[in-house]
file input20.tsv (TSV, C-alpha atoms)
chain	number	residue	atom	x	y	z
V	1	MET	CA	-142.93	77.15	-86.35
V	2	GLU	CA	-143.16	78.17	-90.00
V	3	LEU	CA	-144.10	75.42	-92.42
V	4	PRO	CA	-141.26	74.19	-94.66
V	5	GLN	CA	-141.48	74.88	-98.37
V	6	PRO	CA	-143.02	71.85	-100.12
V	7	SER	CA	-141.03	70.31	-102.93
V	8	GLY	CA	-140.74	67.16	-105.00
V	9	ARG	CA	-143.81	64.90	-105.17
V	10	PRO	CA	-145.28	64.83	-101.65
V	11	ALA	CA	-148.25	62.91	-100.26
V	12	TRP	CA	-150.79	65.22	-98.61
V	13	LEU	CA	-153.58	63.87	-96.42
V	14	PHE	CA	-156.28	66.15	-95.05
V	15	ASP	CA	-159.00	66.08	-92.46
V	16	PHE	CA	-162.08	67.86	-93.82
V	17	ASP	CA	-164.13	69.81	-91.25
V	18	GLY	CA	-162.04	72.49	-89.58
V	19	THR	CA	-159.20	71.89	-92.05
V	20	LEU	CA	-160.34	72.22	-95.67
V	21	ALA	CA	-163.66	73.81	-94.67
V	22	GLU	CA	-164.90	75.77	-91.70
V	23	ILE	CA	-166.83	73.79	-89.10
V	24	ALA	CA	-170.55	74.38	-89.67
V	25	PRO	CA	-173.31	74.43	-87.02
V	26	THR	CA	-174.52	71.05	-88.34
V	27	PRO	CA	-172.71	68.51	-90.56
V	28	ASP	CA	-175.09	68.98	-93.50
V	29	ALA	CA	-174.50	72.75	-93.49
V	30	ALA	CA	-170.80	72.42	-94.39
V	31	ARG	CA	-169.54	74.00	-97.61
V	32	VAL	CA	-166.12	74.04	-99.25
V	33	PRO	CA	-164.57	77.49	-99.67
V	34	ARG	CA	-164.52	79.03	-103.12
V	35	GLY	CA	-161.42	77.98	-105.03
V	36	LEU	CA	-160.67	74.83	-103.02
V	37	ILE	CA	-161.80	72.29	-105.62
V	38	ASP	CA	-159.90	74.04	-108.42
V	39	THR	CA	-156.77	74.28	-106.28
V	40	VAL	CA	-156.88	70.59	-105.33
V	41	ALA	CA	-157.38	69.66	-109.00
V	42	ARG	CA	-154.42	71.86	-109.90
V	43	LEU	CA	-152.24	70.10	-107.31
V	44	LEU	CA	-153.28	66.69	-108.62
V	45	ASP	CA	-152.20	67.77	-112.10
V	46	LEU	CA	-148.87	68.71	-110.54
V	47	GLU	CA	-148.47	65.11	-109.27
V	48	VAL	CA	-149.18	65.75	-105.60
V	49	ALA	CA	-150.80	62.64	-104.08
V	50	ILE	CA	-153.88	63.73	-102.09
V	51	ALA	CA	-156.32	61.89	-99.81
V	52	ILE	CA	-159.06	62.91	-97.38
V	53	VAL	CA	-159.19	61.29	-93.92
V	54	SER	CA	-162.41	62.29	-92.19
V	55	GLY	CA	-165.03	61.32	-89.67
V	56	ARG	CA	-167.58	61.88	-92.44
V	57	PRO	CA	-168.79	58.94	-94.57
V	58	LEU	CA	-167.28	58.54	-98.03
V	59	ALA	CA	-170.54	59.57	-99.70
V	60	GLU	CA	-170.49	62.94	-97.93
V	61	ILE	CA	-166.82	63.52	-98.73
V	62	ASP	CA	-167.54	62.85	-102.42
V	63	ALA	CA	-170.55	65.18	-102.44
V	64	LEU	CA	-168.58	68.01	-100.85
V	65	MET	CA	-165.51	67.56	-103.08
V	66	ALA	CA	-167.40	66.91	-106.35
V	67	PRO	CA	-166.52	66.51	-109.14
V	68	LEU	CA	-163.30	65.17	-107.63
V	69	ARG	CA	-163.35	61.60	-106.37
V	70	LEU	CA	-160.27	61.34	-104.21
V	71	PRO	CA	-158.75	58.48	-102.28
V	72	ALA	CA	-160.47	58.84	-98.94
V	73	ALA	CA	-161.02	57.29	-95.54
V	74	GLY	CA	-164.46	57.85	-94.08
V	75	VAL	CA	-165.78	57.34	-90.55
V	76	HIS	CA	-162.20	57.58	-89.20
V	77	GLY	CA	-161.14	54.68	-91.43
V	78	ALA	CA	-164.13	52.35	-91.00
V	79	GLU	CA	-164.50	52.71	-94.77
V	80	ARG	CA	-161.56	53.50	-97.04
V	81	ARG	CA	-161.23	53.94	-100.82
V	82	ASP	CA	-157.76	53.54	-102.29
V	83	ALA	CA	-156.39	55.32	-105.35
V	84	GLY	CA	-157.68	52.52	-107.57
V	85	GLY	CA	-161.24	53.10	-106.38
V	86	ARG	CA	-161.46	49.92	-104.28
V	87	VAL	CA	-163.47	50.37	-101.06
V	88	GLN	CA	-162.82	48.40	-97.88
V	89	ARG	CA	-165.26	48.49	-94.95
V	90	ILE	CA	-164.80	47.25	-91.39
V	91	ALA	CA	-167.42	44.79	-90.14
V	92	VAL	CA	-169.31	46.28	-87.19
V	93	PRO	CA	-171.77	44.87	-84.64
V	94	ASP	CA	-175.47	45.66	-84.57
V	95	LEU	CA	-175.80	49.28	-83.43
V	96	ARG	CA	-179.56	49.20	-82.84
V	97	PRO	CA	-179.36	48.99	-79.02
V	98	ALA	CA	-177.19	52.12	-78.98
V	99	LEU	CA	-179.35	53.89	-81.54
V	100	ASP	CA	-182.51	53.30	-79.51
V	101	LEU	CA	-180.95	55.09	-76.54
V	102	LEU	CA	-179.57	57.96	-78.61
V	103	HIS	CA	-182.68	58.64	-80.66
V	104	SER	CA	-184.73	58.74	-77.45
V	105	PHE	CA	-182.22	61.18	-75.94
V	106	GLY	CA	-182.25	63.36	-79.07
V	107	GLU	CA	-186.04	63.58	-79.06
V	108	ARG	CA	-185.96	64.91	-75.49
V	109	HIS	CA	-183.25	67.55	-76.00
V	110	ASP	CA	-183.38	70.46	-78.43
V	111	GLY	CA	-180.14	71.32	-80.21
V	112	VAL	CA	-178.78	67.76	-80.09
V	113	ARG	CA	-178.37	65.85	-83.36
V	114	VAL	CA	-177.89	62.10	-83.76
V	115	GLU	CA	-175.89	61.33	-86.91
V	116	VAL	CA	-175.99	57.71	-88.06
V	117	LYS	CA	-173.02	56.75	-90.24
V	118	PRO	CA	-171.94	53.49	-91.90
V	119	GLY	CA	-170.71	51.55	-88.86
V	120	ALA	CA	-170.77	54.44	-86.39
V	121	VAL	CA	-173.01	57.01	-84.72
V	122	ALA	CA	-172.19	60.55	-83.60
V	123	LEU	CA	-173.97	62.81	-81.14
V	124	HIS	CA	-173.53	66.51	-81.97
V	125	TYR	CA	-174.20	69.21	-79.39
V	126	ARG	CA	-172.73	72.34	-81.02
V	127	LEU	CA	-176.17	73.97	-80.83
V	128	ALA	CA	-176.58	72.94	-77.18
V	129	PRO	CA	-173.11	73.14	-75.54
V	130	GLN	CA	-174.68	73.19	-72.06
V	131	LEU	CA	-175.62	69.54	-72.62
V	132	GLU	CA	-172.03	68.33	-73.05
V	133	ARG	CA	-171.97	66.27	-69.84
V	134	ASP	CA	-175.38	64.74	-70.59
V	135	CYS	CA	-174.24	63.85	-74.12
V	136	ILE	CA	-171.10	62.17	-72.85
V	137	ASP	CA	-173.07	60.23	-70.25
V	138	ILE	CA	-175.64	58.91	-72.74
V	139	MET	CA	-172.89	57.97	-75.21
V	140	GLU	CA	-171.12	56.02	-72.46
V	141	ARG	CA	-174.37	54.16	-71.82
V	142	ALA	CA	-174.75	53.53	-75.56
V	143	ALA	CA	-171.18	52.21	-75.80
V	144	ALA	CA	-171.92	49.72	-73.03
V	145	GLU	CA	-174.70	48.29	-75.22
V	146	VAL	CA	-172.45	47.42	-78.19
V	147	PRO	CA	-169.26	45.28	-78.12
V	148	ALA	CA	-166.04	46.17	-79.95
V	149	MET	CA	-166.94	49.86	-80.18
V	150	ALA	CA	-165.15	52.83	-78.63
V	151	LEU	CA	-166.01	56.43	-77.83
V	152	LEU	CA	-164.17	59.23	-79.59
V	153	ARG	CA	-164.58	62.85	-78.53
V	154	GLY	CA	-164.20	65.74	-80.96
V	155	LYS	CA	-165.24	69.38	-81.14
V	156	MET	CA	-168.80	69.47	-79.76
V	157	VAL	CA	-169.35	65.84	-80.78
V	158	VAL	CA	-169.02	62.40	-79.21
V	159	GLU	CA	-168.81	59.42	-81.55
V	160	LEU	CA	-169.21	55.69	-81.17
V	161	LYS	CA	-166.92	54.01	-83.70
V	162	PRO	CA	-165.23	50.61	-84.14
V	163	GLN	CA	-162.32	50.03	-81.76
V	164	ALA	CA	-160.21	48.71	-84.64
V	165	VAL	CA	-160.15	52.01	-86.59
V	166	ASP	CA	-158.59	55.42	-86.17
V	167	LYS	CA	-157.15	58.03	-88.51
V	168	GLY	CA	-153.58	56.94	-87.79
V	169	ARG	CA	-154.27	53.44	-89.11
V	170	ALA	CA	-156.03	54.89	-92.15
V	171	VAL	CA	-153.02	57.10	-92.90
V	172	ARG	CA	-150.60	54.18	-92.58
V	173	ALA	CA	-152.73	52.15	-95.00
V	174	PHE	CA	-152.55	54.93	-97.59
V	175	LEU	CA	-148.79	55.35	-97.13
V	176	ALA	CA	-148.27	51.64	-97.86
V	177	GLU	CA	-149.93	51.98	-101.29
V	178	PRO	CA	-149.25	53.86	-104.53
V	179	PRO	CA	-149.26	56.75	-105.25
V	180	PHE	CA	-148.50	57.63	-101.60
V	181	ARG	CA	-145.82	54.99	-100.93
V	182	GLY	CA	-142.28	56.33	-100.87
V	183	ARG	CA	-143.28	60.00	-100.73
V	184	GLN	CA	-142.86	62.43	-97.86
V	185	ALA	CA	-146.19	62.44	-96.03
V	186	TRP	CA	-147.93	65.55	-94.71
V	187	TYR	CA	-151.09	65.42	-92.60
V	188	PHE	CA	-153.30	68.44	-91.88
V	189	GLY	CA	-156.01	68.34	-89.20
V	190	ASP	CA	-157.64	70.40	-86.49
V	191	ASP	CA	-159.11	68.09	-83.84
V	192	VAL	CA	-158.15	65.56	-81.20
V	193	THR	CA	-159.42	62.91	-83.63
V	194	ASP	CA	-156.43	63.81	-85.85
V	195	GLU	CA	-153.75	63.18	-83.21
V	196	ALA	CA	-153.27	59.52	-84.22
V	197	ALA	CA	-152.71	60.65	-87.81
V	198	PHE	CA	-150.22	63.33	-86.73
V	199	ALA	CA	-148.26	60.68	-84.84
V	200	ALA	CA	-148.39	58.28	-87.78
V	201	VAL	CA	-146.90	60.69	-90.32
V	202	GLN	CA	-144.25	61.95	-87.91
V	203	ASP	CA	-143.24	58.35	-87.14
V	204	GLU	CA	-142.70	57.98	-90.90
V	205	GLY	CA	-140.50	61.08	-91.05
V	206	GLY	CA	-143.34	63.25	-92.39
V	207	ILE	CA	-144.84	66.58	-91.42
V	208	ALA	CA	-147.88	67.08	-89.18
V	209	VAL	CA	-149.76	70.38	-89.25
V	210	LYS	CA	-152.34	71.30	-86.61
V	211	LEU	CA	-154.92	73.92	-87.58
V	212	GLY	CA	-156.06	76.16	-84.76
V	213	GLU	CA	-155.30	76.14	-81.06
V	214	GLY	CA	-155.00	73.39	-78.49
V	215	PRO	CA	-152.32	70.91	-77.45
V	216	SER	CA	-151.01	68.59	-80.16
V	217	VAL	CA	-148.14	66.31	-81.08
V	218	ALA	CA	-147.99	68.09	-84.47
V	219	ALA	CA	-144.80	70.07	-84.99
V	220	TYR	CA	-146.38	72.76	-87.19
V	221	ARG	CA	-149.42	75.06	-87.11
V	222	LEU	CA	-151.77	76.99	-89.35
V	223	PRO	CA	-154.52	79.28	-87.97
V	224	GLY	CA	-157.48	77.76	-89.85
V	225	PRO	CA	-159.11	76.71	-93.14
V	226	GLU	CA	-158.74	80.13	-94.80
V	227	GLN	CA	-154.98	80.03	-94.25
V	228	MET	CA	-154.96	76.38	-95.36
V	229	LEU	CA	-156.43	77.35	-98.74
V	230	ARG	CA	-154.01	80.26	-99.18
V	231	TRP	CA	-151.10	77.92	-98.38
V	232	LEU	CA	-152.31	75.38	-100.94
V	233	GLU	CA	-152.62	78.10	-103.60
V	234	ARG	CA	-149.06	79.27	-102.93
V	235	ALA	CA	-147.83	75.67	-102.98
V	236	ALA	CA	-149.42	75.13	-106.39
V	237	GLU	CA	-147.71	78.26	-107.70
V	238	GLY	CA	-144.42	77.02	-106.29
V	239	PHE	CA	-144.75	73.59	-107.90
V	240	GLU	CA	-145.61	75.21	-111.24
V	241	GLY	CA	-142.47	77.30	-110.94
V	242	GLN	CA	-140.37	74.22	-110.18
V	243	ARG	CA	-141.79	72.54	-113.27
V	244	GLY	CA	-141.22	75.46	-115.55
V	245	GLY	CA	-144.74	76.90	-115.30
V	246	GLY	CA	-146.49	73.99	-117.08
V	247	ARG	CA	-149.43	72.08	-115.65
call {"tool": "encode", "arguments": {"input": "input20.tsv", "output": "structure tokens"}}
result
Amino acid sequence: MELPQPSGRPAWLFDFDGTLAEIAPTPDAARVPRGLIDTVARLLDLEVAIAIVSGRPLAEIDALMAPLRLPAAGVHGAERRDAGGRVQRIAVPDLRPALDLLHSFGERHDGVRVEVKPGAVALHYRLAPQLERDCIDIMERAAAEVPAMALLRGKMVVELKPQAVDKGRAVRAFLAEPPFRGRQAWYFGDDVTDEAAFAAVQDEGGIAVKLGEGPSVAAYRLPGPEQMLRWLERAAEGFEGQRGGGR
């Protein structure tokens, strides 16, 4: 289904990896496409409310989107910065028992990367896809070591994160606050981790856009990050036209 033409003063919320940027072999190899930062800045000048909702920590989101410092939810909402710059973090239990297991596993298996985040830990196996079952098994063992944590599967990654957070709850928190409150919400994402956010915006009468293939509750699709950027550029041109060409 073709995306509707954006108008008015919408609220746009984006996943990062696989949505604004191509998925890289490792998290630290990710780069934003040329023109993305300038286009997002242009949309902000045109009064579009924008936030990032990612599995990455806030510090990584800020580094990748610099010099912009956007409202953002990191680690699936375990840490969230509102438009006023205030950061809220979920209290989490001691992850050391889980980390001991995972670091030992990572040392024994080439191509597996343990990523420690604020309040969460992810096990990446993009460079060793044959180890998927082993990675899931060790993460299930790790989860059994830590209370109030849940496993979340993504693209070539399994993550242990607080049970009390998901991207849908992070999106709802943004939509209850200015400048997002009262606007039509759009959410763009590419992974199963984004399904809760798709459901949240559609429950609020908004628009959910799935990037790439795979089943989804989202009503709309885009092929990938390259098409996402082109769509944003066209949207900025359209908003400038609606406002008489001025920024």
call {"tool": "closest_residue", "arguments": {"input": "input20.tsv", "among": "V:Val40, V:Ala219, V:Gly106, V:Ala148", "to": "Leu131 (chain V)", "atoms": "all atoms listed in the file"}}
result
V:Gly106
call {"tool": "residues_around", "arguments": {"input": "input20.tsv", "residues": "Pro118 (chain V)", "least_positions_apart": "3", "cutoff": "12 Å", "atoms": "all atoms listed in the file", "output": "PyMOL selection string"}}
result
chain V and resi 55-60+74-80+89-95+115+121-122+160-162
call {"tool": "atom_distance", "arguments": {"input": "input20.tsv", "atom1": "CA of Val116 (chain V)", "atom2": "CA of Leu99 (chain V)"}}
result
8.3 Å
call {"tool": "closest_residue", "arguments": {"input": "input20.tsv", "among": "V:Ala208, V:Leu101, V:Ala200, V:Ala66", "to": "Leu175 (chain V)", "atoms": "all atoms listed in the file"}}
result
V:Ala200
call {"tool": "residues_around", "arguments": {"input": "input20.tsv", "residues": "region 141-144 of chain V", "least_positions_apart": "4", "cutoff": "7 Å", "atoms": "only C-alpha atoms", "output": "PyMOL selection string"}}
result
chain V and resi 98+101+137+149-151+160
call {"tool": "closest_residue", "arguments": {"input": "input20.tsv", "among": "V:Ala49, V:Ala41, V:Ala21, V:Val112", "to": "Pro179 (chain V)", "atoms": "only C-alpha atoms"}}
result
V:Ala49
call {"tool": "residues_near_point", "arguments": {"input": "input20.tsv", "point": "(-155.3, 67.8, -110.6)", "cutoff": "12 Å", "atoms": "only C-alpha atoms", "output": "count of residues only"}}
result
21
call {"tool": "residues_near_point", "arguments": {"input": "input20.tsv", "point": "(-143.9, 69.0, -97.9)", "cutoff": "10 Å", "atoms": "only C-alpha atoms", "output": "PyMOL selection string"}}
result
chain V and resi 3-12+48+183-187+206-208+235
call {"tool": "write_last_selection", "arguments": {"input": "input20.tsv", "atoms": "C-alpha atoms", "output": "short mmCIF file (atom, residue, chain, number, x, y, z; two decimals), in the frame of the given file"}}
result
data_model
loop_
_atom_site.label_atom_id
_atom_site.label_comp_id
_atom_site.auth_asym_id
_atom_site.auth_seq_id
_atom_site.Cartn_x
_atom_site.Cartn_y
_atom_site.Cartn_z
CA LEU V 3 -144.10 75.42 -92.42
CA PRO V 4 -141.26 74.19 -94.66
CA GLN V 5 -141.48 74.88 -98.37
CA PRO V 6 -143.02 71.85 -100.12
CA SER V 7 -141.03 70.31 -102.93
CA GLY V 8 -140.74 67.16 -105.00
CA ARG V 9 -143.81 64.90 -105.17
CA PRO V 10 -145.28 64.83 -101.65
CA ALA V 11 -148.25 62.91 -100.26
CA TRP V 12 -150.79 65.22 -98.61
CA VAL V 48 -149.18 65.75 -105.60
CA ARG V 183 -143.28 60.00 -100.73
CA GLN V 184 -142.86 62.43 -97.86
CA ALA V 185 -146.19 62.44 -96.03
CA TRP V 186 -147.93 65.55 -94.71
CA TYR V 187 -151.09 65.42 -92.60
CA GLY V 206 -143.34 63.25 -92.39
CA ILE V 207 -144.84 66.58 -91.42
CA ALA V 208 -147.88 67.08 -89.18
CA ALA V 235 -147.83 75.67 -102.98
#
call {"tool": "residues_around", "arguments": {"input": "input20.tsv", "residues": "Val32 (chain V)", "least_positions_apart": "3", "cutoff": "10 Å", "atoms": "only C-alpha atoms", "output": "list in words"}}
result
Phe16, Asp17, Leu20, Ala21, Glu22, Gly35, Leu36, Ile37, Leu64, Met65 and Pro225 of chain V
call {"tool": "atom_distance", "arguments": {"input": "input20.tsv", "atom1": "CA of Ala51 (chain V)", "atom2": "CA of Ala72 (chain V)"}}
result
5.2 Å
call {"tool": "atom_distance", "arguments": {"input": "input20.tsv", "atom1": "CA of Arg221 (chain V)", "atom2": "CA of Ala173 (chain V)"}}
result
24.5 Å
call {"tool": "closest_residue", "arguments": {"input": "input20.tsv", "among": "V:Ala164, V:Thr19, V:Glu145, V:Ala170", "to": "Leu229 (chain V)", "atoms": "all atoms listed in the file"}}
result
V:Thr19
call {"tool": "closest_residue", "arguments": {"input": "input20.tsv", "among": "V:Gln130, V:Leu123, V:Asp190, V:Ala30", "to": "Tyr220 (chain V)", "atoms": "only C-alpha atoms"}}
result
V:Asp190
call {"tool": "closest_residue", "arguments": {"input": "input20.tsv", "among": "V:Pro25, V:Arg113, V:Lys167, V:Val158", "to": "Ser54 (chain V)", "atoms": "only C-alpha atoms"}}
result
V:Lys167
call {"tool": "axis_aligned_box", "arguments": {"input": "input20.tsv", "around": "region 1-16 of chain V", "padding_each_side": "8 Å", "output": "JSON"}}
result
{"center_x": -151.4, "center_y": 70.5, "center_z": -95.8, "size_x": 37.3, "size_y": 31.3, "size_z": 34.8}
call {"tool": "residues_around", "arguments": {"input": "input20.tsv", "residues": "Ala128 (chain V)", "least_positions_apart": "3", "cutoff": "9 Å", "atoms": "all atoms listed in the file", "output": "compact mmCIF listing (two decimals) with C-alpha atoms, keeping the file's coordinate frame"}}
result
# COMPACT_ATOMS: atom_id res chain seq x y z
CA HIS V 109 -183.25 67.55 -76.00
CA ASP V 110 -183.38 70.46 -78.43
CA GLY V 111 -180.14 71.32 -80.21
CA VAL V 112 -178.78 67.76 -80.09
CA HIS V 124 -173.53 66.51 -81.97
CA TYR V 125 -174.20 69.21 -79.39
CA LEU V 131 -175.62 69.54 -72.62
CA GLU V 132 -172.03 68.33 -73.05
CA MET V 156 -168.80 69.47 -79.76
call {"tool": "residues_around", "arguments": {"input": "input20.tsv", "residues": "Asp191 (chain V)", "least_positions_apart": "4", "cutoff": "12 Å", "atoms": "only C-alpha atoms", "output": "number ranges by chain"}}
result
V: 14-19, 23, 54-55, 152-157, 167, 195-198, 209-218, 224
call {"tool": "decode", "arguments": {"input": "input20.tsv", "residues": "region 110-129 of chain V", "atoms": "N, CA and C atoms", "output": "short mmCIF file (atom, residue, chain, number, x, y, z; two decimals), in the first residue's frame"}}
result
data_model
loop_
_atom_site.label_atom_id
_atom_site.label_comp_id
_atom_site.auth_asym_id
_atom_site.auth_seq_id
_atom_site.Cartn_x
_atom_site.Cartn_y
_atom_site.Cartn_z
N ASP V 110 34.01 -17.88 17.68
CA ASP V 110 34.36 -16.80 16.77
C ASP V 110 33.10 -16.28 16.06
N GLY V 111 33.07 -14.97 15.82
CA GLY V 111 31.96 -14.37 15.09
C GLY V 111 30.80 -13.95 15.96
N VAL V 112 30.87 -14.28 17.26
CA VAL V 112 29.81 -13.89 18.20
C VAL V 112 30.29 -12.66 18.99
N ARG V 113 29.40 -11.69 19.16
CA ARG V 113 29.78 -10.47 19.89
C ARG V 113 28.81 -10.22 21.02
N VAL V 114 29.34 -10.04 22.22
CA VAL V 114 28.53 -9.68 23.39
C VAL V 114 28.55 -8.16 23.51
N GLU V 115 27.38 -7.54 23.47
CA GLU V 115 27.26 -6.09 23.59
C GLU V 115 26.59 -5.75 24.91
N VAL V 116 27.32 -5.11 25.79
CA VAL V 116 26.78 -4.72 27.10
C VAL V 116 26.24 -3.29 26.98
N LYS V 117 24.98 -3.12 27.33
CA LYS V 117 24.31 -1.83 27.25
C LYS V 117 23.90 -1.38 28.65
N PRO V 118 23.47 -0.13 28.81
CA PRO V 118 22.93 0.29 30.11
C PRO V 118 21.65 -0.49 30.42
N GLY V 119 21.73 -1.45 31.32
CA GLY V 119 20.55 -2.20 31.72
C GLY V 119 20.16 -3.35 30.81
N ALA V 120 21.02 -3.75 29.89
CA ALA V 120 20.68 -4.84 28.98
C ALA V 120 21.97 -5.43 28.41
N VAL V 121 21.84 -6.58 27.77
CA VAL V 121 22.98 -7.19 27.08
C VAL V 121 22.45 -7.91 25.84
N ALA V 122 23.18 -7.73 24.73
CA ALA V 122 22.78 -8.35 23.47
C ALA V 122 23.87 -9.29 22.99
N LEU V 123 23.45 -10.38 22.36
CA LEU V 123 24.37 -11.33 21.76
C LEU V 123 24.14 -11.33 20.26
N HIS V 124 25.15 -10.83 19.51
CA HIS V 124 25.05 -10.71 18.06
C HIS V 124 25.73 -11.91 17.39
N TYR V 125 25.09 -12.46 16.37
CA TYR V 125 25.69 -13.58 15.66
C TYR V 125 25.59 -13.41 14.13
N ARG V 126 25.53 -12.16 13.67
CA ARG V 126 25.46 -11.89 12.23
C ARG V 126 26.67 -12.47 11.49
N LEU V 127 27.82 -12.49 12.14
CA LEU V 127 29.03 -13.02 11.52
C LEU V 127 29.17 -14.53 11.73
N ALA V 128 28.24 -15.13 12.44
CA ALA V 128 28.25 -16.58 12.67
C ALA V 128 26.82 -17.11 12.72
N PRO V 129 26.07 -16.97 11.62
CA PRO V 129 24.64 -17.35 11.64
C PRO V 129 24.40 -18.82 11.96
#
